[in-house]
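Below is one structure; the comments refer to it alone.
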Amino acid sequence: MSGGTNRRPVGIDDLLEEVRAGYRRIEAREAHEAARTGEALLVDIRYAALRERDGLIPGALVIERNELEWRLDPLGSHRVPEATGHGLRIVVICNEGYASSLAAASLHHLGLHRATDLVGGFQAWRTEGLPVEPVTG
């Protein structure tokens, strides 16, 4: 995913394949168990309208996509308290598991090499019957 000018343009499908080859993605039940045991931090990057429509994963940290790198960089001045170090296991969750792959790759560039994403995103989580709560307030 280098930004060199000599690289020929690639389509999004090829880009997704390329970035996903760099890490192991995680299924919904495995993500749920990892979060339950404190082994992983779930990060929901869906925008507000989707969260309001479909609900939230209990315990997931909500950080919209456009703020993700600033909030999770352990060296950054705008980091969240949960961004405790580069060894943190992060599971990025979008709506269907596409944007989260690109987000996880971006976190890898920041040195967060245990970052991954949820196969099928929030929709897969919900399909598995895992906990979801409505947005309140």
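By convention here, the chains of the structure tokens are called A, B, ... in the order presented, each chain's residues are numbered starting at 1, and ligands are numbered starting at 1 in the order presented.
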Got a sec: who's within 9 Å of His113 in chain A, counting only C-alpha atoms, leaving out chain neighbours fewer than 4 positions off, as a list in words? Tyr23, His86, Gly87, Leu88, Arg89, Ala104, Ala105, Leu107, His108 and His109 of chain A
Dump C-alpha atoms for the selected residues as a compact mmCIF listing (two decimals), in the first residue's frame?
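Writing done, so here's selection-v6.txt:
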```
# COMPACT_ATOMS: atom_id res chain seq x y z
CA TYR A 23 -2.84 -10.14 8.67
CA HIS A 86 1.68 -0.96 20.10
CA GLY A 87 1.02 -4.49 21.39
CA LEU A 88 -2.70 -3.79 21.78
CA ARG A 89 -4.94 -6.25 19.91
CA ALA A 104 -6.70 -2.25 10.02
CA ALA A 105 -3.98 -1.92 7.37
CA LEU A 107 -3.21 0.84 11.94
CA HIS A 108 -0.46 -1.59 10.92
CA HIS A 109 1.40 1.37 9.37
```
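For range 47-55 of chain A, the non-local neighbours within 7 Å, defined as residues at least 3 positions apart in the same chain or in other chains and counting only C-alpha atoms, are Glu64, Val132, Glu133, Pro134 and Val135 of chain A.
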Selection file, N, CA, C and O atoms, as a PDB file, in the first residue's frame:
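result-v7.pdb, written as the output of this step:
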```pdb
ATOM      1  N   GLU A  64     -15.241   6.949  14.920  1.00  0.00           N
ATOM      2  CA  GLU A  64     -15.563   6.992  13.496  1.00  0.00           C
ATOM      3  C   GLU A  64     -14.287   6.934  12.673  1.00  0.00           C
ATOM      4  O   GLU A  64     -13.206   7.334  13.114  1.00  0.00           O
ATOM      5  N   VAL A 132     -26.161  -7.075  21.038  1.00  0.00           N
ATOM      6  CA  VAL A 132     -26.317  -5.747  20.430  1.00  0.00           C
ATOM      7  C   VAL A 132     -27.252  -4.968  21.337  1.00  0.00           C
ATOM      8  O   VAL A 132     -28.221  -5.525  21.852  1.00  0.00           O
ATOM      9  N   GLU A 133     -26.936  -3.704  21.544  1.00  0.00           N
ATOM     10  CA  GLU A 133     -27.815  -2.866  22.353  1.00  0.00           C
ATOM     11  C   GLU A 133     -28.207  -1.626  21.553  1.00  0.00           C
ATOM     12  O   GLU A 133     -27.452  -1.163  20.694  1.00  0.00           O
ATOM     13  N   PRO A 134     -29.386  -1.078  21.833  1.00  0.00           N
ATOM     14  CA  PRO A 134     -29.814   0.121  21.105  1.00  0.00           C
ATOM     15  C   PRO A 134     -28.985   1.327  21.528  1.00  0.00           C
ATOM     16  O   PRO A 134     -28.444   1.378  22.629  1.00  0.00           O
ATOM     17  N   VAL A 135     -28.914   2.294  20.641  1.00  0.00           N
ATOM     18  CA  VAL A 135     -28.264   3.565  20.947  1.00  0.00           C
ATOM     19  C   VAL A 135     -29.222   4.340  21.838  1.00  0.00           C
ATOM     20  O   VAL A 135     -30.408   4.452  21.535  1.00  0.00           O
TER      21      VAL A 135
END
```
Just list the residues in chain A DSSP gives strand (DSSP E) on the backbone, as an MDAnalysis selection string. chainID A and resid 41:44 61:62 90:93 116:117
Can I get the residues of range 31-109 of chain A within 6 Å of range 115-120 of chain A, each with the closest pair of atoms and their distance in Å to one decimal, using only C-alpha atoms, sorted chain first then ascending number, as a tab-separated table?
```
residue	atom	partner	partner_atom	distance
A:Arg89	CA	A:Ala115	CA	5.5
A:Ile90	CA	A:Ala115	CA	4.6
A:Val91	CA	A:Asp117	CA	4.9
A:Val92	CA	A:Asp117	CA	4.5
A:Ile93	CA	A:Leu118	CA	5.5
A:Glu96	CA	A:Gly120	CA	4.6
A:Gly97	CA	A:Gly120	CA	4.4
A:Ser100	CA	A:Asp117	CA	5.6
A:Ser101	CA	A:Asp117	CA	5.8
A:Ala104	CA	A:Thr116	CA	5.3
```
For the residues selected in the previous step, produce a file with all heavy atoms as a PDB file, in the first residue's frame.
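Contents of out33.pdb, as written:
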```
ATOM      1  N   ARG A  89      -4.186  -5.526  20.948  1.00  0.00           N
ATOM      2  CA  ARG A  89      -4.936  -6.252  19.906  1.00  0.00           C
ATOM      3  C   ARG A  89      -6.239  -5.506  19.675  1.00  0.00           C
ATOM      4  O   ARG A  89      -7.062  -5.373  20.577  1.00  0.00           O
ATOM      5  CB  ARG A  89      -5.208  -7.686  20.338  1.00  0.00           C
ATOM      6  CG  ARG A  89      -5.885  -8.493  19.243  1.00  0.00           C
ATOM      7  CD  ARG A  89      -6.051  -9.936  19.633  1.00  0.00           C
ATOM      8  NE  ARG A  89      -6.590 -10.705  18.531  1.00  0.00           N
ATOM      9  CZ  ARG A  89      -7.259 -11.829  18.693  1.00  0.00           C
ATOM     10  NH1 ARG A  89      -7.438 -12.338  19.899  1.00  0.00           N
ATOM     11  NH2 ARG A  89      -7.721 -12.479  17.652  1.00  0.00           N
ATOM     12  N   ILE A  90      -6.402  -5.014  18.474  1.00  0.00           N
ATOM     13  CA  ILE A  90      -7.560  -4.215  18.096  1.00  0.00           C
ATOM     14  C   ILE A  90      -8.321  -4.965  17.015  1.00  0.00           C
ATOM     15  O   ILE A  90      -7.725  -5.448  16.052  1.00  0.00           O
ATOM     16  CB  ILE A  90      -7.131  -2.838  17.550  1.00  0.00           C
ATOM     17  CG1 ILE A  90      -6.379  -2.056  18.625  1.00  0.00           C
ATOM     18  CG2 ILE A  90      -8.322  -2.053  17.025  1.00  0.00           C
ATOM     19  CD1 ILE A  90      -5.649  -0.844  18.103  1.00  0.00           C
ATOM     20  N   VAL A  91      -9.652  -5.033  17.171  1.00  0.00           N
ATOM     21  CA  VAL A  91     -10.516  -5.604  16.138  1.00  0.00           C
ATOM     22  C   VAL A  91     -11.390  -4.464  15.623  1.00  0.00           C
ATOM     23  O   VAL A  91     -12.244  -3.949  16.347  1.00  0.00           O
ATOM     24  CB  VAL A  91     -11.400  -6.747  16.674  1.00  0.00           C
ATOM     25  CG1 VAL A  91     -12.300  -7.284  15.560  1.00  0.00           C
ATOM     26  CG2 VAL A  91     -10.550  -7.863  17.279  1.00  0.00           C
ATOM     27  N   VAL A  92     -11.143  -4.046  14.387  1.00  0.00           N
ATOM     28  CA  VAL A  92     -11.885  -2.950  13.777  1.00  0.00           C
ATOM     29  C   VAL A  92     -13.162  -3.512  13.156  1.00  0.00           C
ATOM     30  O   VAL A  92     -13.133  -4.535  12.461  1.00  0.00           O
ATOM     31  CB  VAL A  92     -11.032  -2.240  12.699  1.00  0.00           C
ATOM     32  CG1 VAL A  92     -11.801  -1.058  12.120  1.00  0.00           C
ATOM     33  CG2 VAL A  92      -9.695  -1.783  13.279  1.00  0.00           C
ATOM     34  N   ILE A  93     -14.275  -2.822  13.405  1.00  0.00           N
ATOM     35  CA  ILE A  93     -15.571  -3.280  12.926  1.00  0.00           C
ATOM     36  C   ILE A  93     -16.241  -2.162  12.141  1.00  0.00           C
ATOM     37  O   ILE A  93     -16.450  -1.060  12.667  1.00  0.00           O
ATOM     38  CB  ILE A  93     -16.474  -3.685  14.108  1.00  0.00           C
ATOM     39  CG1 ILE A  93     -15.789  -4.767  14.940  1.00  0.00           C
ATOM     40  CG2 ILE A  93     -17.850  -4.137  13.613  1.00  0.00           C
ATOM     41  CD1 ILE A  93     -16.426  -5.012  16.288  1.00  0.00           C
ATOM     42  N   GLU A  96     -19.924  -3.970   7.040  1.00  0.00           N
ATOM     43  CA  GLU A  96     -19.912  -5.255   6.345  1.00  0.00           C
ATOM     44  C   GLU A  96     -18.520  -5.868   6.186  1.00  0.00           C
ATOM     45  O   GLU A  96     -18.375  -6.898   5.541  1.00  0.00           O
ATOM     46  CB  GLU A  96     -20.572  -5.116   4.976  1.00  0.00           C
ATOM     47  CG  GLU A  96     -22.054  -4.788   5.074  1.00  0.00           C
ATOM     48  CD  GLU A  96     -22.724  -4.684   3.714  1.00  0.00           C
ATOM     49  OE1 GLU A  96     -22.021  -4.512   2.691  1.00  0.00           O
ATOM     50  OE2 GLU A  96     -23.959  -4.756   3.686  1.00  0.00           O
ATOM     51  N   GLY A  97     -17.486  -5.226   6.719  1.00  0.00           N
ATOM     52  CA  GLY A  97     -16.153  -5.820   6.688  1.00  0.00           C
ATOM     53  C   GLY A  97     -15.281  -5.410   5.519  1.00  0.00           C
ATOM     54  O   GLY A  97     -14.340  -6.124   5.181  1.00  0.00           O
ATOM     55  N   SER A 100     -13.250  -1.692   7.190  1.00  0.00           N
ATOM     56  CA  SER A 100     -12.454  -2.104   8.349  1.00  0.00           C
ATOM     57  C   SER A 100     -11.134  -2.735   7.926  1.00  0.00           C
ATOM     58  O   SER A 100     -10.132  -2.622   8.644  1.00  0.00           O
ATOM     59  CB  SER A 100     -13.247  -3.065   9.232  1.00  0.00           C
ATOM     60  OG  SER A 100     -13.661  -4.201   8.505  1.00  0.00           O
ATOM     61  N   SER A 101     -11.102  -3.389   6.779  1.00  0.00           N
ATOM     62  CA  SER A 101      -9.851  -3.978   6.295  1.00  0.00           C
ATOM     63  C   SER A 101      -8.831  -2.887   5.978  1.00  0.00           C
ATOM     64  O   SER A 101      -7.653  -3.006   6.333  1.00  0.00           O
ATOM     65  CB  SER A 101     -10.101  -4.834   5.047  1.00  0.00           C
ATOM     66  OG  SER A 101     -10.889  -5.960   5.355  1.00  0.00           O
ATOM     67  N   ALA A 104      -7.667  -1.390   9.318  1.00  0.00           N
ATOM     68  CA  ALA A 104      -6.702  -2.248  10.018  1.00  0.00           C
ATOM     69  C   ALA A 104      -5.320  -2.122   9.379  1.00  0.00           C
ATOM     70  O   ALA A 104      -4.306  -2.053  10.086  1.00  0.00           O
ATOM     71  CB  ALA A 104      -7.170  -3.703  10.013  1.00  0.00           C
TER      72      ALA A 104
END
```
Mind pulling up the distance from CA of Thr84 in chain A to CA of Leu110 in chain A? 13.4 Å
Leu61 in chain A: which residues within 10 Å, counting only C-alpha atoms, same-chain residues fewer than 3 positions away excluded, as a PyMOL selection string? chain A and resi 41-45+56-58+64+80+82+92-93
Excluding same-chain residues fewer than 4 positions from range 8-16 of chain A, what lies within 8 Å of it counting only C-alpha atoms, as a PyMOL selection string? chain A and resi 1+20+98+101-102
As a PDB file with N, CA and C atoms, in the first residue's frame, please: every residue in range 11-51 of chain A that DSSP puts in helix (DSSP H, G or I).
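Output contents, as saved in selection07.pdb:
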```pdb
ATOM      1  N   ILE A  12     -10.159  -1.517  -6.146  1.00  0.00           N
ATOM      2  CA  ILE A  12     -10.402  -1.722  -4.719  1.00  0.00           C
ATOM      3  C   ILE A  12     -10.372  -3.202  -4.356  1.00  0.00           C
ATOM      4  N   ASP A  13     -10.853  -4.076  -5.220  1.00  0.00           N
ATOM      5  CA  ASP A  13     -10.830  -5.506  -4.909  1.00  0.00           C
ATOM      6  C   ASP A  13      -9.394  -6.006  -4.763  1.00  0.00           C
ATOM      7  N   ASP A  14      -8.519  -5.549  -5.646  1.00  0.00           N
ATOM      8  CA  ASP A  14      -7.110  -5.936  -5.552  1.00  0.00           C
ATOM      9  C   ASP A  14      -6.458  -5.339  -4.304  1.00  0.00           C
ATOM     10  N   LEU A  15      -6.808  -4.105  -3.997  1.00  0.00           N
ATOM     11  CA  LEU A  15      -6.260  -3.463  -2.810  1.00  0.00           C
ATOM     12  C   LEU A  15      -6.697  -4.208  -1.544  1.00  0.00           C
ATOM     13  N   LEU A  16      -7.973  -4.567  -1.469  1.00  0.00           N
ATOM     14  CA  LEU A  16      -8.460  -5.325  -0.315  1.00  0.00           C
ATOM     15  C   LEU A  16      -7.716  -6.651  -0.174  1.00  0.00           C
ATOM     16  N   GLU A  17      -7.537  -7.341  -1.281  1.00  0.00           N
ATOM     17  CA  GLU A  17      -6.815  -8.614  -1.253  1.00  0.00           C
ATOM     18  C   GLU A  17      -5.386  -8.405  -0.751  1.00  0.00           C
ATOM     19  N   GLU A  18      -4.746  -7.350  -1.223  1.00  0.00           N
ATOM     20  CA  GLU A  18      -3.372  -7.050  -0.836  1.00  0.00           C
ATOM     21  C   GLU A  18      -3.260  -6.753   0.662  1.00  0.00           C
ATOM     22  N   VAL A  19      -4.120  -5.890   1.187  1.00  0.00           N
ATOM     23  CA  VAL A  19      -3.996  -5.535   2.600  1.00  0.00           C
ATOM     24  C   VAL A  19      -4.407  -6.696   3.507  1.00  0.00           C
ATOM     25  N   ARG A  20      -5.401  -7.460   3.096  1.00  0.00           N
ATOM     26  CA  ARG A  20      -5.852  -8.588   3.916  1.00  0.00           C
ATOM     27  C   ARG A  20      -4.818  -9.708   3.974  1.00  0.00           C
ATOM     28  N   ALA A  28     -16.766 -13.346  13.940  1.00  0.00           N
ATOM     29  CA  ALA A  28     -17.552 -12.696  14.993  1.00  0.00           C
ATOM     30  C   ALA A  28     -17.449 -13.403  16.344  1.00  0.00           C
ATOM     31  N   ARG A  29     -17.609 -14.699  16.379  1.00  0.00           N
ATOM     32  CA  ARG A  29     -17.581 -15.405  17.669  1.00  0.00           C
ATOM     33  C   ARG A  29     -16.203 -15.324  18.331  1.00  0.00           C
ATOM     34  N   GLU A  30     -15.147 -15.411  17.530  1.00  0.00           N
ATOM     35  CA  GLU A  30     -13.800 -15.272  18.071  1.00  0.00           C
ATOM     36  C   GLU A  30     -13.576 -13.855  18.614  1.00  0.00           C
ATOM     37  N   ALA A  31     -14.077 -12.853  17.900  1.00  0.00           N
ATOM     38  CA  ALA A  31     -13.949 -11.467  18.355  1.00  0.00           C
ATOM     39  C   ALA A  31     -14.705 -11.265  19.660  1.00  0.00           C
ATOM     40  N   HIS A  32     -15.894 -11.826  19.744  1.00  0.00           N
ATOM     41  CA  HIS A  32     -16.701 -11.711  20.961  1.00  0.00           C
ATOM     42  C   HIS A  32     -15.956 -12.300  22.153  1.00  0.00           C
ATOM     43  N   GLU A  33     -15.393 -13.480  21.981  1.00  0.00           N
ATOM     44  CA  GLU A  33     -14.661 -14.139  23.066  1.00  0.00           C
ATOM     45  C   GLU A  33     -13.409 -13.355  23.449  1.00  0.00           C
ATOM     46  N   ALA A  34     -12.685 -12.841  22.455  1.00  0.00           N
ATOM     47  CA  ALA A  34     -11.472 -12.065  22.725  1.00  0.00           C
ATOM     48  C   ALA A  34     -11.811 -10.787  23.503  1.00  0.00           C
ATOM     49  N   ALA A  35     -12.918 -10.154  23.169  1.00  0.00           N
ATOM     50  CA  ALA A  35     -13.333  -8.955  23.899  1.00  0.00           C
ATOM     51  C   ALA A  35     -13.800  -9.318  25.306  1.00  0.00           C
ATOM     52  N   ARG A  36     -14.544 -10.418  25.420  1.00  0.00           N
ATOM     53  CA  ARG A  36     -15.078 -10.850  26.716  1.00  0.00           C
ATOM     54  C   ARG A  36     -13.954 -11.147  27.709  1.00  0.00           C
ATOM     55  N   ALA A  48     -22.600   7.389  12.490  1.00  0.00           N
ATOM     56  CA  ALA A  48     -23.702   7.497  13.452  1.00  0.00           C
ATOM     57  C   ALA A  48     -25.023   6.933  12.933  1.00  0.00           C
ATOM     58  N   ALA A  49     -25.365   7.184  11.683  1.00  0.00           N
ATOM     59  CA  ALA A  49     -26.658   6.723  11.166  1.00  0.00           C
ATOM     60  C   ALA A  49     -26.772   5.197  11.213  1.00  0.00           C
ATOM     61  N   LEU A  50     -25.676   4.497  10.944  1.00  0.00           N
ATOM     62  CA  LEU A  50     -25.707   3.030  11.016  1.00  0.00           C
ATOM     63  C   LEU A  50     -25.798   2.547  12.457  1.00  0.00           C
ATOM     64  N   ARG A  51     -25.093   3.218  13.354  1.00  0.00           N
ATOM     65  CA  ARG A  51     -25.180   2.834  14.767  1.00  0.00           C
ATOM     66  C   ARG A  51     -26.592   3.060  15.284  1.00  0.00           C
TER      67      ARG A  51
END
```
Could you check which of A:Glu27, A:Arg65, A:Gly111, A:Arg7 is closest to Leu130 in chain A, using only C-alpha atoms?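 With only C-alpha atoms as the atom set, the closest residue is A:Glu27.
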One decimal, Å: what's the distance from CA of Leu112 in chain A over to CA of Gly85 in chain A, could you say?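 Going from CA of Leu112 in chain A over to CA of Gly85 in chain A, I get 8.0 Å.
With only C-alpha atoms as the atoms that count, the residue of A:Asn95, A:Glu67, A:Glu39, A:Asn6 with the shortest distance to Arg126 in chain A is A:Asn95.
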Quick one: everything within 10 Å of His78 in chain A, counting only C-alpha atoms, minus sequence neighbours fewer than 6 positions away in the same chain. Send it as a list in words. Glu67, Glu69, Trp70, Arg71 and Leu72 of chain A
